[in-house]
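Containing compact mmCIF, C-alpha atoms (C1' of nucleotides): final.txt.
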# COMPACT_ATOMS: atom_id res chain seq x y z
CA MET Z 163 138.44 35.01 10.79
CA GLN Z 164 140.95 32.34 11.79
CA GLU Z 165 139.88 28.87 12.87
CA GLU Z 166 142.87 28.41 15.12
CA PRO Z 167 141.98 25.67 17.55
CA GLN Z 168 144.14 27.01 20.36
CA TRP Z 169 141.70 29.75 21.29
CA ASP Z 170 139.47 28.54 24.07
CA PRO Z 171 137.69 30.75 26.59
CA TYR Z 172 137.35 27.74 28.86
CA SER Z 173 141.08 27.89 29.37
CA LYS Z 174 142.06 30.13 32.21
CA ALA Z 175 144.77 32.14 30.52
CA CYS Z 176 143.31 32.33 27.02
CA PRO Z 177 142.95 35.94 25.86
CA THR Z 178 139.53 35.13 24.45
CA ARG Z 179 138.20 34.97 27.99
CA ARG Z 180 139.21 38.54 28.64
CA LEU Z 181 137.82 39.57 25.29
CA LEU Z 182 134.56 37.90 26.23
CA ASP Z 183 134.59 40.01 29.36
CA ARG Z 184 135.02 43.17 27.38
CA ILE Z 185 132.38 42.61 24.75
CA GLY Z 186 129.86 41.29 27.25
CA ASP Z 187 130.38 44.29 29.49
CA ARG Z 188 127.25 46.32 30.14
CA TRP Z 189 128.70 49.60 28.90
CA THR Z 190 130.27 47.99 25.84
CA VAL Z 191 126.93 46.54 24.78
CA LEU Z 192 125.20 49.89 25.18
CA VAL Z 193 127.94 51.94 23.52
CA VAL Z 194 128.19 49.65 20.51
CA GLY Z 195 124.41 49.55 20.25
CA ALA Z 196 124.23 53.32 20.42
CA LEU Z 197 126.72 53.60 17.57
CA ALA Z 198 124.74 51.22 15.41
CA GLY Z 199 123.02 54.09 13.60
CA GLY Z 200 126.21 55.93 12.74
CA PRO Z 201 128.82 58.23 14.27
CA MET Z 202 128.08 59.99 17.54
CA ARG Z 203 129.73 62.61 19.66
CA TYR Z 204 130.84 62.17 23.24
CA THR Z 205 128.06 64.16 24.81
CA ALA Z 206 125.43 62.54 22.63
CA LEU Z 207 126.61 59.12 23.81
CA ALA Z 208 126.53 60.28 27.40
CA ARG Z 209 122.96 61.45 26.97
CA ARG Z 210 121.88 58.33 25.16
CA ILE Z 211 123.32 55.96 27.73
CA GLU Z 212 121.48 57.10 30.78
CA GLY Z 213 123.42 56.80 34.00
CA VAL Z 214 126.88 56.27 32.56
CA SER Z 215 129.58 58.27 34.31
CA GLN Z 216 132.17 60.28 32.39
CA LYS Z 217 134.81 57.97 33.70
CA MET Z 218 133.17 54.79 32.52
CA LEU Z 219 132.16 56.22 29.18
CA THR Z 220 135.66 57.46 28.44
CA GLN Z 221 137.18 54.25 29.71
CA THR Z 222 134.87 52.11 27.60
CA LEU Z 223 135.45 54.21 24.50
CA ARG Z 224 139.22 54.02 24.96
CA ALA Z 225 139.12 50.26 25.38
CA LEU Z 226 136.96 49.83 22.29
CA GLU Z 227 139.26 52.09 20.32
CA ARG Z 228 142.31 50.19 21.50
CA ASP Z 229 140.72 46.91 20.48
CA GLY Z 230 140.03 48.30 17.04
CA LEU Z 231 136.27 48.19 17.42
CA LEU Z 232 135.70 51.87 16.94
CA VAL Z 233 137.38 54.86 15.40
CA ARG Z 234 137.83 58.14 17.21
CA THR Z 235 138.02 61.22 15.05
CA VAL Z 236 139.07 64.55 16.48
CA HIS Z 237 138.22 67.70 14.57
CA PRO Z 238 140.66 70.35 15.78
CA VAL Z 239 138.25 73.18 16.27
CA ILE Z 240 137.17 75.23 19.24
CA PRO Z 241 135.17 74.01 20.98
CA PRO Z 242 136.45 70.45 20.39
CA HIS Z 243 134.46 68.17 18.15
CA VAL Z 244 135.07 64.44 18.56
CA GLU Z 245 133.22 61.70 16.77
CA TYR Z 246 133.08 58.00 17.48
CA GLU Z 247 132.05 55.42 14.96
CA LEU Z 248 132.25 51.68 14.68
CA SER Z 249 135.05 50.19 12.63
CA THR Z 250 134.46 47.27 10.30
CA LEU Z 251 135.42 44.97 13.13
CA GLY Z 252 133.05 46.80 15.43
CA ARG Z 253 130.21 46.52 12.99
CA SER Z 254 130.75 42.78 12.80
CA LEU Z 255 129.98 42.70 16.50
CA LEU Z 256 126.72 44.55 15.99
CA PRO Z 257 124.43 41.61 15.22
CA VAL Z 258 125.88 39.63 18.09
CA LEU Z 259 125.33 42.31 20.70
CA GLY Z 260 122.07 43.29 19.10
CA ALA Z 261 120.84 39.74 19.63
CA LEU Z 262 121.97 39.91 23.25
CA GLU Z 263 120.09 43.15 23.79
CA ARG Z 264 117.02 41.83 22.04
CA TRP Z 265 117.04 38.65 24.07
CA ALA Z 266 117.10 40.67 27.27
CA ILE Z 267 114.16 42.77 26.16
CA ASP Z 268 112.18 39.83 24.85
CA ASN Z 269 112.71 37.66 27.89
CA ILE Z 270 112.83 40.02 30.83
CA SER Z 271 109.23 39.31 31.74
CA GLY Z 272 109.86 35.56 31.74
CA VAL Z 273 112.89 36.05 33.91
CA LEU Z 274 111.06 38.32 36.33
CA ALA Z 275 108.31 35.73 36.60
CA ALA Z 276 110.83 33.00 37.28
CA ARG Z 277 112.38 35.10 40.03
CA ASP Z 278 108.99 35.60 41.60
CA GLY Z 279 108.44 31.88 41.72
CA TYR Z 280 111.92 31.20 43.03
CA ASP Z 281 111.68 33.80 45.77
CA ARG Z 282 108.24 32.66 46.86
CA ASP Z 283 109.65 29.32 47.95
CA MET I 205 108.11 37.01 23.90
CA GLN I 206 106.41 40.38 24.58
CA GLU I 207 107.02 43.42 22.45
CA GLU I 208 106.37 45.80 25.29
CA PRO I 209 107.96 49.11 24.35
CA GLN I 210 108.73 50.15 27.90
CA TRP I 211 111.72 47.85 28.21
CA ASP I 212 114.85 49.78 27.36
CA PRO I 213 118.34 48.98 28.61
CA TYR I 214 119.35 52.53 27.80
CA SER I 215 117.16 53.64 30.66
CA LYS I 216 118.97 53.72 33.93
CA ALA I 217 116.46 51.86 36.07
CA CYS I 218 115.16 49.39 33.50
CA PRO I 219 115.54 45.79 34.70
CA THR I 220 116.74 44.78 31.25
CA ARG I 221 120.01 46.56 31.96
CA ARG I 222 120.67 44.34 34.94
CA LEU I 223 119.62 41.29 32.97
CA LEU I 224 122.08 42.32 30.28
CA ASP I 225 124.71 42.39 32.97
CA ARG I 226 123.87 38.89 34.07
CA ILE I 227 123.78 37.21 30.69
CA GLY I 228 126.88 39.00 29.46
CA ASP I 229 128.78 37.98 32.56
CA ARG I 230 131.90 35.93 31.86
CA TRP I 231 130.88 33.02 34.09
CA THR I 232 127.34 33.00 32.78
CA VAL I 233 128.54 32.72 29.21
CA LEU I 234 130.86 29.85 30.08
CA VAL I 235 128.36 27.99 32.26
CA VAL I 236 125.58 28.21 29.71
CA GLY I 237 127.98 27.19 26.98
CA ALA I 238 129.17 24.23 29.02
CA LEU I 239 125.60 23.07 29.49
CA ALA I 240 124.91 23.26 25.77
CA GLY I 241 125.59 19.56 25.34
CA GLY I 242 123.28 18.43 28.11
CA PRO I 243 123.10 18.11 31.89
CA MET I 244 126.27 18.35 33.94
CA ARG I 245 127.20 17.87 37.56
CA TYR I 246 128.75 20.49 39.79
CA THR I 247 132.25 19.09 39.77
CA ALA I 248 132.17 18.48 36.05
CA LEU I 249 131.30 22.13 35.50
CA ALA I 250 134.08 23.21 37.83
CA ARG I 251 136.55 21.14 35.85
CA ARG I 252 135.27 22.32 32.50
CA ILE I 253 135.43 25.99 33.40
CA GLU I 254 139.04 26.32 34.29
CA GLY I 255 139.80 28.84 36.98
CA VAL I 256 136.30 29.33 38.33
CA SER I 257 136.12 29.43 42.11
CA GLN I 258 133.57 27.42 44.05
CA LYS I 259 132.00 30.62 45.19
CA MET I 260 131.54 32.08 41.74
CA LEU I 261 130.35 28.82 40.24
CA THR I 262 127.74 28.33 42.93
CA GLN I 263 126.73 31.95 42.79
CA THR I 264 126.36 31.89 39.02
CA LEU I 265 124.40 28.65 39.08
CA ARG I 266 122.05 30.01 41.74
CA ALA I 267 121.46 33.21 39.79
CA LEU I 268 120.75 31.27 36.60
CA GLU I 269 118.39 28.97 38.45
CA ARG I 270 116.61 31.89 40.04
CA ASP I 271 116.20 33.54 36.66
CA GLY I 272 114.69 30.36 35.28
CA LEU I 273 117.53 29.71 32.85
CA LEU I 274 118.52 26.38 34.28
CA VAL I 275 117.08 23.57 36.33
CA ARG I 276 118.82 22.11 39.34
CA THR I 277 118.00 18.51 40.15
CA VAL I 278 119.09 16.95 43.41
CA HIS I 279 119.20 13.19 43.65
CA PRO I 280 118.98 12.39 47.35
CA VAL I 281 121.70 9.81 47.55
CA ILE I 282 124.96 9.58 49.40
CA PRO I 283 127.23 11.03 48.23
CA PRO I 284 125.06 13.83 46.81
CA HIS I 285 124.33 13.87 43.12
CA VAL I 286 123.24 17.19 41.64
CA GLU I 287 122.62 17.87 38.00
CA TYR I 288 122.26 21.15 36.19
CA GLU I 289 120.62 21.52 32.84
CA LEU I 290 119.34 24.39 30.75
CA SER I 291 115.64 25.15 30.83
CA THR I 292 113.72 26.01 27.67
CA LEU I 293 114.41 29.66 28.43
CA GLY I 294 118.05 28.88 28.97
CA ARG I 295 118.29 27.03 25.68
CA SER I 296 116.84 30.04 23.90
CA LEU I 297 119.87 31.94 25.13
CA LEU I 298 122.24 29.38 23.69
CA PRO I 299 122.56 30.70 20.13
CA VAL I 300 122.99 34.23 21.43
CA LEU I 301 125.82 33.42 23.80
CA GLY I 302 127.22 30.93 21.35
CA ALA I 303 127.55 33.73 18.82
CA LEU I 304 129.26 35.87 21.43
CA GLU I 305 131.76 33.13 22.20
CA ARG I 306 132.34 32.44 18.55
CA TRP I 307 132.91 36.10 17.79
CA ALA I 308 135.52 36.28 20.51
CA ILE I 309 137.35 33.25 19.13
CA ASP I 310 137.08 34.36 15.52
CA ASN I 311 138.23 37.90 16.14
CA ILE I 312 140.73 37.69 18.97
CA SER I 313 143.65 37.86 16.58
CA GLY I 314 142.27 40.97 14.94
CA VAL I 315 141.78 42.56 18.32
CA LEU I 316 145.26 41.64 19.48
CA ALA I 317 146.69 43.14 16.32
CA ALA I 318 144.71 46.34 16.87
CA ARG I 319 146.05 46.58 20.40
CA ASP I 320 149.55 46.21 19.14
CA GLY I 321 149.08 49.08 16.77
CA TYR I 322 147.40 51.24 19.38
CA ASP I 323 150.06 50.63 22.00
CA ARG I 324 152.88 51.28 19.56
CA ASP I 325 151.81 54.91 19.20
C1' DC T 68 130.10 15.25 46.28
C1' DA T 69 128.18 19.64 46.53
C1' DG T 70 128.26 23.11 48.49
C1' DG T 71 127.88 26.90 52.92
C1' DA T 72 130.28 30.33 55.69
C1' DT T 73 134.12 33.66 56.40
C1' DC T 74 137.77 36.58 55.74
C1' DC T 75 140.01 39.61 53.00
C1' DC T 76 141.47 42.46 49.32
C1' DT T 77 141.66 44.33 44.86
C1' DG T 78 139.67 47.05 41.56
C1' DA T 79 135.29 48.51 39.23
C1' DG T 80 133.09 52.41 39.21
C1' DG T 81 130.66 56.77 41.04
C1' DA T 82 131.21 61.78 42.54
C1' DT T 83 133.55 65.82 42.24
C1' DA T 84 136.70 69.32 40.64
C1' DC T 85 139.55 71.07 37.16
C1' DT T 86 141.35 72.11 32.03
C1' DG T 87 142.77 72.88 26.97
C1' DC C 165 132.94 70.27 24.34
C1' DA C 166 135.46 66.55 25.65
C1' DG C 167 137.72 65.09 28.39
C1' DT C 168 141.71 64.37 32.72
C1' DA C 169 142.76 63.81 37.58
C1' DT C 170 141.59 62.43 42.39
C1' DC C 171 139.36 60.64 46.01
C1' DC C 172 136.61 57.28 47.96
C1' DT C 173 133.40 53.46 48.46
C1' DC C 174 131.62 49.06 48.24
C1' DA C 175 130.91 44.95 46.11
C1' DG C 176 132.96 41.33 42.98
C1' DG C 177 135.41 37.71 43.64
C1' DG C 178 139.42 34.68 45.31
C1' DA C 179 141.25 31.74 49.19
C1' DT C 180 140.38 29.01 52.92
C1' DC C 181 137.99 26.19 56.18
C1' DC C 182 134.02 23.55 57.36
C1' DT C 183 129.76 20.21 56.70
C1' DG C 184 125.54 17.17 55.62
For this file, write the structure as structure tokens.
Amino acid sequence: MQEEPQWDPYSKACPTRRLLDRIGDRWTVLVVGALAGGPMRYTALARRIEGVSQKMLTQTLRALERDGLLVRTVHPVIPPHVEYELSTLGRSLLPVLGALERWAIDNISGVLAARDGYDRD
Amino acid sequence: MQEEPQWDPYSKACPTRRLLDRIGDRWTVLVVGALAGGPMRYTALARRIEGVSQKMLTQTLRALERDGLLVRTVHPVIPPHVEYELSTLGRSLLPVLGALERWAIDNISGVLAARDGYDRD
DNA sequence: CAGGATCCCTGAGGATACTG
DNA sequence: CAGTATCCTCAGGGATCCTG
């Protein structure tokens, strides 16, 4: 929300570069995208994001929670019931990552074709 | 450009997941962003993207070239003169990654504040 | 100038086992 | 169910040296 000119990911030590790393991360993109439709539980996320390990899912969720992008709600029942949902900040990221995801889907065939041509030479 | 329904980054083996990795990569974002204004030479890119190693810069440029996102032009003179510029496909990625970069800059302070709160507890 | 080739090391990340 | 804790691997990536 600030237009502070000192933030510059092209500068080595600027925290925006690390933030860029986080939000561009494969698991971040998929987790945020999965939560686009509303709150989800841990196991549901694990099922939705095929191939994610428990470690990476937990680690990604913790990082997103720490950065204020999602809210973790624990319902103290047995068995445990934990829900994750995007915060306001997290939802503001939704269109950005959605566009990234969409670009990948829309252009994968073009990219694959380009690779074919490149590798043929 | 295709709306083929089989592409799904949530599927483990789908090539879109790897593509997502590539375009969300920190160096990719910065390289593509640097080339937004027009062609640049190798050394100019290295200077612009503070902290990038020769290895990673070359590697990123090669990957982007292979994927058809940028064009590498060698002028056979001595000393060598090589220019990199975005292809049409690469330029189509520009608004997407630009939004990513902008989001990071616009929201870094919010994120830092969230971290503060999280770490305090 | 624009890299290629190597060495090396940290840490991302998977697999597995265990727990409140 | 929703994790935590460990072990282990390999590849991302930096540093350094060399070259057409």
Revision key, fill the gap. What separates atom CA of I:Arg270 and atom CA of I:Glu289 is a distance of 13.2 Å
For the contact check between chain C and chain I, emit one row per residue of chain C within 12 Å, containing the shortest atom pair and the distance in Å rounded to one decimal, counting all atoms listed in the file, chain then rising number order, as CSV.
residue,atom,partner,partner_atom,distance
C:DG176,C1',I:Met260,CA,9.4
C:DG177,C1',I:Met260,CA,7.1
C:DG178,C1',I:Ser257,CA,7.0
C:DA179,C1',I:Ser257,CA,9.0
C:DT180,C1',I:Gln258,CA,11.3
C:DG184,C1',I:Pro284,CA,9.4
Exercise for review: Report as a PyMOL selection string the set of chain I residues whose atoms approach chain T to within 8 Å, with distances computed over all atoms listed in the file.
Suggested key: chain I and resi 246-247+262+283-286
So that I have them on file, write out the residues from the current selection with C-alpha atoms, as a JSON list (two decimals), keeping the file's coordinate frame.
[["chain", "number", "residue", "atom", "x", "y", "z"],
["I", 246, "TYR", "CA", 128.75, 20.49, 39.79],
["I", 247, "THR", "CA", 132.25, 19.09, 39.77],
["I", 262, "THR", "CA", 127.74, 28.33, 42.93],
["I", 283, "PRO", "CA", 127.23, 11.03, 48.23],
["I", 284, "PRO", "CA", 125.06, 13.83, 46.81],
["I", 285, "HIS", "CA", 124.33, 13.87, 43.12],
["I", 286, "VAL", "CA", 123.24, 17.19, 41.64]]
Which chain I residues have any atom within 8 Å of an atom of chain Z, and for each, what is the nearest pair of atoms with distance in Å to one decimal, counting only C-alpha atoms, rows sorted by chain and number, as JSON lines?
{"residue": "I:Met205", "atom": "CA", "partner": "Z:Asp268", "partner_atom": "CA", "distance": 5.0}
{"residue": "I:Gln206", "atom": "CA", "partner": "Z:Asp268", "partner_atom": "CA", "distance": 5.8}
{"residue": "I:Glu207", "atom": "CA", "partner": "Z:Asp268", "partner_atom": "CA", "distance": 6.7}
{"residue": "I:Trp211", "atom": "CA", "partner": "Z:Ile267", "partner_atom": "CA", "distance": 6.0}
{"residue": "I:Asp212", "atom": "CA", "partner": "Z:Ile267", "partner_atom": "CA", "distance": 7.1}
{"residue": "I:Pro213", "atom": "CA", "partner": "Z:Leu192", "partner_atom": "CA", "distance": 7.7}
{"residue": "I:Tyr214", "atom": "CA", "partner": "Z:Ile211", "partner_atom": "CA", "distance": 5.2}
{"residue": "I:Ser215", "atom": "CA", "partner": "Z:Glu212", "partner_atom": "CA", "distance": 5.5}
{"residue": "I:Lys216", "atom": "CA", "partner": "Z:Glu212", "partner_atom": "CA", "distance": 5.3}
{"residue": "I:Pro219", "atom": "CA", "partner": "Z:Ile270", "partner_atom": "CA", "distance": 7.5}
{"residue": "I:Thr220", "atom": "CA", "partner": "Z:Ala266", "partner_atom": "CA", "distance": 5.7}
{"residue": "I:Arg221", "atom": "CA", "partner": "Z:Arg188", "partner_atom": "CA", "distance": 7.5}
{"residue": "I:Leu223", "atom": "CA", "partner": "Z:Ala266", "partner_atom": "CA", "distance": 6.3}
{"residue": "I:Leu224", "atom": "CA", "partner": "Z:Ala266", "partner_atom": "CA", "distance": 6.0}
{"residue": "I:Asp225", "atom": "CA", "partner": "Z:Arg188", "partner_atom": "CA", "distance": 5.5}
{"residue": "I:Gly228", "atom": "CA", "partner": "Z:Gly186", "partner_atom": "CA", "distance": 4.4}
{"residue": "I:Asp229", "atom": "CA", "partner": "Z:Gly186", "partner_atom": "CA", "distance": 6.3}
{"residue": "I:Arg230", "atom": "CA", "partner": "Z:Asp183", "partner_atom": "CA", "distance": 5.5}
{"residue": "I:Leu234", "atom": "CA", "partner": "Z:Tyr172", "partner_atom": "CA", "distance": 6.9}
{"residue": "I:Arg252", "atom": "CA", "partner": "Z:Tyr172", "partner_atom": "CA", "distance": 6.9}
{"residue": "I:Ile253", "atom": "CA", "partner": "Z:Tyr172", "partner_atom": "CA", "distance": 5.2}
{"residue": "I:Glu254", "atom": "CA", "partner": "Z:Lys174", "partner_atom": "CA", "distance": 5.3}
{"residue": "I:Gly255", "atom": "CA", "partner": "Z:Lys174", "partner_atom": "CA", "distance": 5.4}
{"residue": "I:Arg270", "atom": "CA", "partner": "Z:Arg277", "partner_atom": "CA", "distance": 5.3}
{"residue": "I:Asp271", "atom": "CA", "partner": "Z:Val273", "partner_atom": "CA", "distance": 5.0}
{"residue": "I:Gly272", "atom": "CA", "partner": "Z:Ala276", "partner_atom": "CA", "distance": 5.1}
{"residue": "I:Leu273", "atom": "CA", "partner": "Z:Val273", "partner_atom": "CA", "distance": 7.9}
{"residue": "I:Leu297", "atom": "CA", "partner": "Z:Trp265", "partner_atom": "CA", "distance": 7.4}
{"residue": "I:Val300", "atom": "CA", "partner": "Z:Leu262", "partner_atom": "CA", "distance": 6.1}
{"residue": "I:Leu301", "atom": "CA", "partner": "Z:Leu262", "partner_atom": "CA", "distance": 7.6}
{"residue": "I:Ala303", "atom": "CA", "partner": "Z:Val258", "partner_atom": "CA", "distance": 6.2}
{"residue": "I:Leu304", "atom": "CA", "partner": "Z:Val258", "partner_atom": "CA", "distance": 6.1}
{"residue": "I:Glu305", "atom": "CA", "partner": "Z:Leu182", "partner_atom": "CA", "distance": 6.8}
{"residue": "I:Trp307", "atom": "CA", "partner": "Z:Leu255", "partner_atom": "CA", "distance": 7.3}
{"residue": "I:Ala308", "atom": "CA", "partner": "Z:Thr178", "partner_atom": "CA", "distance": 5.7}
{"residue": "I:Ile309", "atom": "CA", "partner": "Z:Trp169", "partner_atom": "CA", "distance": 6.0}
{"residue": "I:Asp310", "atom": "CA", "partner": "Z:Met163", "partner_atom": "CA", "distance": 5.0}
{"residue": "I:Asn311", "atom": "CA", "partner": "Z:Met163", "partner_atom": "CA", "distance": 6.1}
{"residue": "I:Ile312", "atom": "CA", "partner": "Z:Thr178", "partner_atom": "CA", "distance": 6.2}
{"residue": "I:Ser313", "atom": "CA", "partner": "Z:Gln164", "partner_atom": "CA", "distance": 7.8}
{"residue": "I:Gly314", "atom": "CA", "partner": "Z:Gly230", "partner_atom": "CA", "distance": 7.9}
{"residue": "I:Val315", "atom": "CA", "partner": "Z:Asp229", "partner_atom": "CA", "distance": 5.0}
{"residue": "I:Leu316", "atom": "CA", "partner": "Z:Asp229", "partner_atom": "CA", "distance": 7.0}
{"residue": "I:Ala318", "atom": "CA", "partner": "Z:Gly230", "partner_atom": "CA", "distance": 5.1}
{"residue": "I:Arg319", "atom": "CA", "partner": "Z:Arg228", "partner_atom": "CA", "distance": 5.3}
{"residue": "I:Tyr322", "atom": "CA", "partner": "Z:Arg228", "partner_atom": "CA", "distance": 5.6}
{"residue": "I:Asp323", "atom": "CA", "partner": "Z:Arg228", "partner_atom": "CA", "distance": 7.8}
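The two atoms in question, atom CA of I:Arg266 and atom C1' of C:DC181, are spaced 21.8 Å apart.
Comparing Z:Leu256, Z:Gln221, Z:Thr190, Z:Ala208 by their smallest distance to C:DT168, the closest is Z:Gln221 (using only C-alpha atoms (C1' of nucleotides)).
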Point to revise | Between atom CA of I:Pro280 and atom CA of I:Thr292 - distance in Å to one decimal | key: 24.5 Å
Practice item. For Z:Leu197, please output as a ChimeraX atom specification all residues within 10 Å (counting all atoms listed in the file; exclusion window: fewer than 6 positions along the same chain). Key: /Z:203,207,232,246-248,252-253,256
